[in-house]
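Below is the file entry.csv, which contains CSV, N, CA and C atoms.
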chain,number,residue,atom,x,y,z
G,1,MET,N,-120.0,64.1,-149.8
G,1,MET,CA,-120.1,64.9,-148.6
G,1,MET,C,-118.7,65.2,-148.0
G,2,THR,N,-118.6,66.3,-147.4
G,2,THR,CA,-117.3,66.7,-146.8
G,2,THR,C,-117.4,66.4,-145.3
G,3,ARG,N,-116.4,65.8,-144.8
G,3,ARG,CA,-116.3,65.4,-143.4
G,3,ARG,C,-115.5,66.4,-142.6
G,4,THR,N,-116.1,66.9,-141.5
G,4,THR,CA,-115.4,67.7,-140.6
G,4,THR,C,-115.3,67.0,-139.3
G,5,LYS,N,-114.8,67.7,-138.3
G,5,LYS,CA,-114.6,67.0,-137.0
G,5,LYS,C,-115.8,66.4,-136.4
G,6,GLU,N,-117.0,67.2,-136.5
G,6,GLU,CA,-118.2,66.7,-135.8
G,6,GLU,C,-119.4,66.5,-136.8
G,7,HIS,N,-119.2,67.0,-138.0
G,7,HIS,CA,-120.4,67.0,-138.9
G,7,HIS,C,-120.1,66.4,-140.2
G,8,LEU,N,-121.1,66.0,-140.9
G,8,LEU,CA,-121.1,65.7,-142.3
G,8,LEU,C,-121.7,66.9,-143.0
G,9,LEU,N,-121.0,67.5,-143.8
G,9,LEU,CA,-121.6,68.7,-144.5
G,9,LEU,C,-121.9,68.3,-145.9
G,10,PRO,N,-123.0,68.8,-146.4
G,10,PRO,CA,-123.4,68.5,-147.8
G,10,PRO,C,-122.3,69.2,-148.7
G,11,ASP,N,-122.1,68.6,-149.9
G,11,ASP,CA,-121.2,69.3,-150.9
G,11,ASP,C,-121.9,70.6,-151.3
G,12,LEU,N,-121.2,71.7,-151.2
G,12,LEU,CA,-121.7,73.0,-151.6
G,12,LEU,C,-121.3,73.2,-153.1
G,13,THR,N,-122.2,73.8,-153.8
G,13,THR,CA,-122.0,74.1,-155.2
G,13,THR,C,-122.5,75.5,-155.5
G,14,PRO,N,-122.0,76.1,-156.5
G,14,PRO,CA,-122.6,77.4,-156.9
G,14,PRO,C,-124.1,77.3,-157.1
G,15,ASP,N,-124.5,76.2,-157.7
G,15,ASP,CA,-126.0,76.0,-157.9
G,15,ASP,C,-126.8,75.9,-156.6
G,16,SER,N,-126.2,75.2,-155.6
G,16,SER,CA,-127.0,75.2,-154.3
G,16,SER,C,-127.1,76.5,-153.7
G,17,LEU,N,-126.1,77.3,-153.9
G,17,LEU,CA,-126.1,78.7,-153.3
G,17,LEU,C,-127.0,79.6,-154.2
G,18,ARG,N,-127.1,79.3,-155.5
G,18,ARG,CA,-128.0,80.1,-156.3
G,18,ARG,C,-129.4,79.8,-155.9
G,19,THR,N,-129.7,78.6,-155.4
G,19,THR,CA,-131.1,78.3,-154.9
G,19,THR,C,-131.4,79.2,-153.8
G,20,LEU,N,-130.4,79.4,-152.9
G,20,LEU,CA,-130.6,80.3,-151.8
G,20,LEU,C,-130.9,81.7,-152.2
G,21,THR,N,-130.1,82.2,-153.1
G,21,THR,CA,-130.4,83.6,-153.6
G,21,THR,C,-131.7,83.7,-154.4
G,22,ASP,N,-132.1,82.6,-155.1
G,22,ASP,CA,-133.4,82.6,-155.8
G,22,ASP,C,-134.5,82.7,-154.8
G,23,THR,N,-134.4,82.0,-153.6
G,23,THR,CA,-135.4,82.0,-152.6
G,23,THR,C,-135.5,83.4,-152.0
G,24,LEU,N,-134.4,84.1,-151.8
G,24,LEU,CA,-134.4,85.5,-151.4
G,24,LEU,C,-135.1,86.4,-152.4
G,25,SER,N,-134.8,86.2,-153.7
G,25,SER,CA,-135.5,86.9,-154.7
G,25,SER,C,-137.0,86.7,-154.7
G,26,ASP,N,-137.4,85.4,-154.5
G,26,ASP,CA,-138.8,85.1,-154.3
G,26,ASP,C,-139.4,85.9,-153.2
G,27,LEU,N,-138.7,85.9,-152.1
G,27,LEU,CA,-139.2,86.6,-150.9
G,27,LEU,C,-139.4,88.1,-151.2
G,28,THR,N,-138.4,88.7,-151.9
G,28,THR,CA,-138.5,90.1,-152.3
G,28,THR,C,-139.8,90.3,-153.2
G,29,ASP,N,-140.0,89.5,-154.1
G,29,ASP,CA,-141.1,89.6,-155.0
G,29,ASP,C,-142.4,89.5,-154.2
G,30,TYR,N,-142.4,88.5,-153.2
G,30,TYR,CA,-143.6,88.4,-152.4
G,30,TYR,C,-143.9,89.6,-151.6
G,31,LEU,N,-142.8,90.2,-151.0
G,31,LEU,CA,-143.0,91.5,-150.2
G,31,LEU,C,-143.5,92.6,-151.1
G,32,ARG,N,-143.0,92.7,-152.3
G,32,ARG,CA,-143.5,93.7,-153.3
G,32,ARG,C,-145.0,93.6,-153.6
G,33,ALA,N,-145.6,92.4,-153.4
G,33,ALA,CA,-147.0,92.2,-153.6
G,33,ALA,C,-147.8,92.7,-152.5
G,34,SER,N,-147.2,93.3,-151.5
G,34,SER,CA,-148.0,93.9,-150.3
G,34,SER,C,-148.7,92.8,-149.5
G,35,PRO,N,-148.1,91.8,-149.0
G,35,PRO,CA,-148.7,90.8,-148.2
G,35,PRO,C,-149.1,91.5,-146.8
G,36,ASP,N,-149.8,90.7,-146.0
G,36,ASP,CA,-150.1,91.1,-144.6
G,36,ASP,C,-148.8,91.4,-143.9
G,37,PRO,N,-148.7,92.6,-143.2
G,37,PRO,CA,-147.5,92.9,-142.5
G,37,PRO,C,-147.0,91.8,-141.5
G,38,ALA,N,-148.0,91.2,-140.8
G,38,ALA,CA,-147.6,90.2,-139.8
G,38,ALA,C,-146.9,89.0,-140.5
G,39,GLN,N,-147.5,88.6,-141.6
G,39,GLN,CA,-146.9,87.5,-142.4
G,39,GLN,C,-145.5,87.9,-142.9
G,40,ALA,N,-145.4,89.1,-143.4
G,40,ALA,CA,-144.1,89.6,-143.9
G,40,ALA,C,-143.0,89.6,-142.8
G,41,LEU,N,-143.4,90.2,-141.7
G,41,LEU,CA,-142.5,90.2,-140.6
G,41,LEU,C,-142.1,88.8,-140.1
G,42,ALA,N,-143.0,87.9,-140.1
G,42,ALA,CA,-142.7,86.5,-139.7
G,42,ALA,C,-141.7,85.9,-140.6
G,43,LEU,N,-141.9,86.2,-141.9
G,43,LEU,CA,-141.0,85.6,-142.9
G,43,LEU,C,-139.6,86.2,-142.8
G,44,LEU,N,-139.5,87.4,-142.4
G,44,LEU,CA,-138.2,88.1,-142.3
G,44,LEU,C,-137.4,87.7,-141.0
G,45,ALA,N,-138.2,87.3,-140.0
G,45,ALA,CA,-137.6,87.1,-138.6
G,45,ALA,C,-136.3,86.2,-138.7
G,46,PRO,N,-136.4,85.0,-139.4
G,46,PRO,CA,-135.2,84.2,-139.4
G,46,PRO,C,-134.0,84.8,-140.1
G,47,LEU,N,-134.3,85.6,-141.1
G,47,LEU,CA,-133.3,86.3,-141.9
G,47,LEU,C,-132.5,87.3,-141.1
G,48,VAL,N,-133.1,87.9,-140.1
G,48,VAL,CA,-132.4,89.0,-139.3
G,48,VAL,C,-132.2,88.6,-137.9
G,49,ASP,N,-132.3,87.3,-137.6
G,49,ASP,CA,-132.0,86.8,-136.2
G,49,ASP,C,-130.6,87.3,-135.8
G,50,GLU,N,-130.5,87.8,-134.6
G,50,GLU,CA,-129.3,88.4,-134.1
G,50,GLU,C,-128.1,87.4,-134.0
G,51,ASP,N,-128.4,86.1,-133.9
G,51,ASP,CA,-127.4,85.1,-133.8
G,51,ASP,C,-127.1,84.3,-135.1
G,52,THR,N,-128.2,84.0,-135.8
G,52,THR,CA,-128.1,83.1,-137.0
G,52,THR,C,-128.6,83.7,-138.3
G,53,GLY,N,-129.0,85.0,-138.3
G,53,GLY,CA,-129.5,85.6,-139.5
G,53,GLY,C,-128.5,85.9,-140.5
G,54,LEU,N,-128.9,86.3,-141.7
G,54,LEU,CA,-128.1,86.6,-142.8
G,54,LEU,C,-126.9,87.5,-142.5
G,55,PRO,N,-127.1,88.6,-141.8
G,55,PRO,CA,-125.9,89.5,-141.6
G,55,PRO,C,-124.8,88.8,-140.9
G,56,ILE,N,-125.1,88.0,-139.9
G,56,ILE,CA,-124.1,87.3,-139.1
G,56,ILE,C,-123.5,86.2,-139.9
G,57,GLN,N,-124.4,85.4,-140.6
G,57,GLN,CA,-123.9,84.3,-141.4
G,57,GLN,C,-122.9,84.8,-142.5
G,58,LEU,N,-123.3,85.8,-143.2
G,58,LEU,CA,-122.5,86.4,-144.3
G,58,LEU,C,-121.2,86.9,-143.7
G,59,ALA,N,-121.3,87.6,-142.6
G,59,ALA,CA,-120.1,88.1,-141.9
G,59,ALA,C,-119.1,87.0,-141.6
G,60,ASP,N,-119.6,85.9,-141.0
G,60,ASP,CA,-118.8,84.7,-140.7
G,60,ASP,C,-118.2,84.1,-142.0
G,61,THR,N,-119.0,84.1,-143.0
G,61,THR,CA,-118.5,83.5,-144.3
G,61,THR,C,-117.4,84.3,-144.9
G,62,LEU,N,-117.5,85.7,-144.8
G,62,LEU,CA,-116.4,86.5,-145.3
G,62,LEU,C,-115.2,86.4,-144.5
G,63,CYS,N,-115.3,86.3,-143.2
G,63,CYS,CA,-114.2,86.0,-142.3
G,63,CYS,C,-113.5,84.7,-142.6
G,64,ALA,N,-114.3,83.7,-142.8
G,64,ALA,CA,-113.7,82.4,-143.2
G,64,ALA,C,-113.0,82.4,-144.5
G,65,LEU,N,-113.6,83.1,-145.5
G,65,LEU,CA,-112.9,83.3,-146.8
G,65,LEU,C,-111.6,84.0,-146.6
G,66,ALA,N,-111.6,85.1,-145.8
G,66,ALA,CA,-110.3,85.8,-145.6
G,66,ALA,C,-109.3,84.9,-145.0
G,67,ARG,N,-109.7,84.1,-144.1
G,67,ARG,CA,-108.7,83.2,-143.4
G,67,ARG,C,-108.2,82.1,-144.4
G,68,VAL,N,-109.1,81.6,-145.3
G,68,VAL,CA,-108.7,80.6,-146.3
G,68,VAL,C,-107.7,81.3,-147.2
G,69,LEU,N,-108.0,82.5,-147.7
G,69,LEU,CA,-107.1,83.2,-148.6
G,69,LEU,C,-105.7,83.5,-148.0
G,70,GLN,N,-105.8,83.9,-146.7
G,70,GLN,CA,-104.5,84.3,-146.1
G,70,GLN,C,-103.7,83.1,-145.7
G,71,ASP,N,-104.3,82.0,-145.3
G,71,ASP,CA,-103.6,80.8,-144.9
G,71,ASP,C,-103.2,79.9,-146.0
G,72,HIS,N,-103.7,80.1,-147.2
G,72,HIS,CA,-103.4,79.2,-148.3
G,72,HIS,C,-101.9,79.2,-148.6
G,73,PRO,N,-101.3,77.9,-148.7
G,73,PRO,CA,-99.9,77.8,-148.9
G,73,PRO,C,-99.3,78.6,-150.1
G,74,GLN,N,-100.2,78.8,-151.1
G,74,GLN,CA,-99.7,79.5,-152.3
G,74,GLN,C,-100.1,81.0,-152.3
G,75,ALA,N,-100.6,81.4,-151.2
G,75,ALA,CA,-101.0,82.8,-151.1
G,75,ALA,C,-99.8,83.7,-151.2
G,76,ALA,N,-100.0,84.7,-152.1
G,76,ALA,CA,-98.9,85.7,-152.2
G,76,ALA,C,-99.1,86.7,-151.1
G,77,SER,N,-98.0,87.0,-150.4
G,77,SER,CA,-98.1,88.0,-149.3
G,77,SER,C,-97.7,89.4,-149.9
G,78,THR,N,-98.6,90.0,-150.6
G,78,THR,CA,-98.3,91.3,-151.2
G,78,THR,C,-99.2,92.3,-150.6
G,79,THR,N,-98.8,93.5,-150.7
G,79,THR,CA,-99.7,94.6,-150.2
G,79,THR,C,-101.1,94.5,-150.7
G,80,GLN,N,-101.2,94.2,-152.0
G,80,GLN,CA,-102.5,94.2,-152.7
G,80,GLN,C,-103.4,93.0,-152.0
G,81,VAL,N,-102.8,91.9,-151.9
G,81,VAL,CA,-103.5,90.7,-151.3
G,81,VAL,C,-103.9,91.1,-149.9
G,82,ASN,N,-102.9,91.6,-149.1
G,82,ASN,CA,-103.2,91.9,-147.7
G,82,ASN,C,-104.3,93.0,-147.6
G,83,ASP,N,-104.3,94.0,-148.5
G,83,ASP,CA,-105.3,95.0,-148.5
G,83,ASP,C,-106.7,94.4,-148.8
G,84,LEU,N,-106.8,93.5,-149.8
G,84,LEU,CA,-108.0,92.9,-150.2
G,84,LEU,C,-108.6,92.0,-149.0
G,85,ILE,N,-107.7,91.3,-148.4
G,85,ILE,CA,-108.1,90.5,-147.2
G,85,ILE,C,-108.6,91.4,-146.1
G,86,ALA,N,-108.0,92.5,-145.9
G,86,ALA,CA,-108.4,93.5,-144.9
G,86,ALA,C,-109.8,94.1,-145.2
G,87,GLU,N,-110.0,94.3,-146.5
G,87,GLU,CA,-111.3,94.8,-147.0
G,87,GLU,C,-112.4,93.7,-146.7
G,88,LEU,N,-112.1,92.5,-146.9
G,88,LEU,CA,-113.1,91.4,-146.6
G,88,LEU,C,-113.4,91.4,-145.1
G,89,ARG,N,-112.4,91.6,-144.3
G,89,ARG,CA,-112.7,91.6,-142.9
G,89,ARG,C,-113.5,92.8,-142.4
G,90,THR,N,-113.2,94.0,-143.1
G,90,THR,CA,-113.9,95.2,-142.8
G,90,THR,C,-115.4,95.0,-143.2
G,91,ALA,N,-115.6,94.4,-144.4
G,91,ALA,CA,-117.0,94.2,-144.8
G,91,ALA,C,-117.7,93.2,-143.8
G,92,ALA,N,-117.0,92.2,-143.4
G,92,ALA,CA,-117.6,91.3,-142.4
G,92,ALA,C,-118.0,92.0,-141.1
G,93,ARG,N,-117.1,92.9,-140.6
G,93,ARG,CA,-117.5,93.6,-139.4
G,93,ARG,C,-118.7,94.5,-139.6
G,94,GLU,N,-118.8,95.1,-140.8
G,94,GLU,CA,-119.9,96.0,-141.1
G,94,GLU,C,-121.2,95.2,-141.2
G,95,LEU,N,-121.1,94.0,-141.8
G,95,LEU,CA,-122.3,93.1,-141.9
G,95,LEU,C,-122.7,92.7,-140.5
G,96,ALA,N,-121.8,92.3,-139.7
G,96,ALA,CA,-122.1,91.8,-138.3
G,96,ALA,C,-122.8,92.9,-137.5
G,97,ASP,N,-122.4,94.2,-137.8
G,97,ASP,CA,-123.1,95.3,-137.1
G,97,ASP,C,-124.6,95.4,-137.4
G,98,GLN,N,-125.0,94.7,-138.5
G,98,GLN,CA,-126.4,94.8,-138.8
G,98,GLN,C,-127.2,93.8,-138.0
G,99,HIS,N,-126.6,93.2,-137.0
G,99,HIS,CA,-127.4,92.3,-136.1
G,99,HIS,C,-128.5,93.1,-135.4
G,100,VAL,N,-128.4,94.4,-135.4
G,100,VAL,CA,-129.5,95.2,-134.8
G,100,VAL,C,-130.8,95.1,-135.5
G,101,LEU,N,-130.8,94.6,-136.8
G,101,LEU,CA,-132.0,94.5,-137.5
G,101,LEU,C,-133.0,93.6,-136.8
G,102,HIS,N,-132.5,92.6,-136.0
G,102,HIS,CA,-133.3,91.8,-135.2
G,102,HIS,C,-134.2,92.6,-134.2
G,103,TYR,N,-133.6,93.6,-133.6
G,103,TYR,CA,-134.3,94.4,-132.6
G,103,TYR,C,-135.3,95.3,-133.4
G,104,MET,N,-134.9,95.8,-134.5
G,104,MET,CA,-135.8,96.7,-135.3
G,104,MET,C,-137.0,95.9,-135.7
G,105,LEU,N,-136.9,94.6,-136.1
G,105,LEU,CA,-138.0,93.8,-136.4
G,105,LEU,C,-138.9,93.6,-135.2
G,106,ASP,N,-138.3,93.4,-134.1
G,106,ASP,CA,-139.2,93.2,-132.9
G,106,ASP,C,-140.0,94.5,-132.7
G,107,ASP,N,-139.4,95.7,-132.8
G,107,ASP,CA,-140.1,96.9,-132.7
G,107,ASP,C,-141.2,97.0,-133.7
G,108,LEU,N,-141.0,96.6,-134.9
G,108,LEU,CA,-142.0,96.7,-136.0
G,108,LEU,C,-143.1,95.8,-135.6
G,109,ARG,N,-142.8,94.6,-135.2
G,109,ARG,CA,-143.9,93.6,-134.8
G,109,ARG,C,-144.8,94.3,-133.7
G,110,ASP,N,-144.1,94.9,-132.7
G,110,ASP,CA,-144.9,95.6,-131.6
G,110,ASP,C,-145.8,96.7,-132.2
G,111,LEU,N,-145.2,97.5,-133.1
G,111,LEU,CA,-146.0,98.5,-133.7
G,111,LEU,C,-147.2,98.0,-134.5
G,112,TYR,N,-146.9,97.0,-135.3
G,112,TYR,CA,-148.0,96.5,-136.2
G,112,TYR,C,-149.0,95.7,-135.4
G,113,GLY,N,-148.6,95.2,-134.3
G,113,GLY,CA,-149.6,94.5,-133.4
G,113,GLY,C,-150.5,95.5,-132.7
G,114,LYS,N,-150.1,96.7,-132.5
G,114,LYS,CA,-150.9,97.7,-131.9
G,114,LYS,C,-151.6,98.7,-132.9
G,115,ALA,N,-151.2,98.6,-134.2
G,115,ALA,CA,-151.6,99.5,-135.2
G,115,ALA,C,-153.1,99.3,-135.5
G,116,THR,N,-153.8,100.4,-135.7
G,116,THR,CA,-155.2,100.3,-136.2
G,116,THR,C,-155.2,100.4,-137.7
G,117,ALA,N,-156.2,100.1,-138.3
G,117,ALA,CA,-156.3,100.1,-139.7
G,117,ALA,C,-156.2,101.6,-140.2
G,118,SER,N,-155.2,101.8,-141.1
G,118,SER,CA,-155.0,103.1,-141.6
G,118,SER,C,-154.4,103.0,-143.0
G,119,GLU,N,-154.2,104.1,-143.6
G,119,GLU,CA,-153.7,104.2,-145.0
G,119,GLU,C,-152.3,103.5,-145.0
G,120,PRO,N,-152.0,102.5,-145.8
G,120,PRO,CA,-150.7,101.9,-145.8
G,120,PRO,C,-149.6,102.9,-146.3
G,121,ARG,N,-148.5,102.8,-145.7
G,121,ARG,CA,-147.4,103.7,-146.1
G,121,ARG,C,-146.6,103.0,-147.2
G,122,ARG,N,-146.2,103.8,-148.1
G,122,ARG,CA,-145.4,103.3,-149.3
G,122,ARG,C,-144.0,103.6,-149.1
G,123,CYS,N,-143.2,102.6,-149.3
G,123,CYS,CA,-141.7,102.8,-149.2
G,123,CYS,C,-141.2,103.0,-150.6
G,124,GLN,N,-140.1,103.8,-150.7
G,124,GLN,CA,-139.5,104.0,-152.0
G,124,GLN,C,-138.4,103.0,-152.3
G,125,CYS,N,-138.3,101.9,-151.5
G,125,CYS,CA,-137.3,100.9,-151.8
G,125,CYS,C,-137.6,100.2,-153.1
G,126,ARG,N,-136.5,99.8,-153.7
G,126,ARG,CA,-136.6,99.1,-155.0
G,126,ARG,C,-137.2,97.8,-154.8

Produce structure tokens that represent the structure in this file.
Amino acid sequence: MTRTKEHLLPDLTPDSLRTLTDTLSDLTDYLRASPDPAQALALLAPLVDEDTGLPIQLADTLCALARVLQDHPQAASTTQVNDLIAELRTAARELADQHVLHYMLDDLRDLYGKATASEPRRCQCR
């Protein structure tokens, strides 16, 4: 375990993060099977939470990576490295802007809570 100022963090490995992405793939497969919309929305709620959801977490992760790369003692300070770090930070800002998904999900829950039985709409999403 890695020790920080206030926490004991589990050792992170590529395999532990693959478990996370596998779980997201399982969720996608589940959603493709056309579950009840209320259940689908409930499953997505934690993923798009405006404070702790995936867009915010991934944005924070990219910012932390940019900081690690920039502050590393062996980091080359070249235009290419600086440009790549700037791209990481830009991507992080764009992801953080997706916090609005939280509100969109609230709107969908409101709509589906009021919806009457009708022909299901089909999305062309992959």

Give the helix (DSSP H, G or I) residues of chain G, as DSSP finds them on the backbone, and put them as number ranges by chain. G: 14-32, 37-48, 54-71, 79-114

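Atom pair atom C of Arg18 in chain G / atom N of Thr52 in chain G has a distance of 20.6 Å (rounded to one decimal).
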
Could you please determine the separation between CA of Leu65 in chain G and CA of Ala96 in chain G in Å, to one decimal place? 15.1 Å

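Across G:Pro55, G:Arg67, G:Tyr30, G:Thr13, the tightest approach to Ala86 in chain G is made by G:Arg67 when counting only C-alpha atoms.
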
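The gap separating atom N of Ala64 in chain G from atom C of Val81 in chain G is 14.6 Å, in Å to one decimal.
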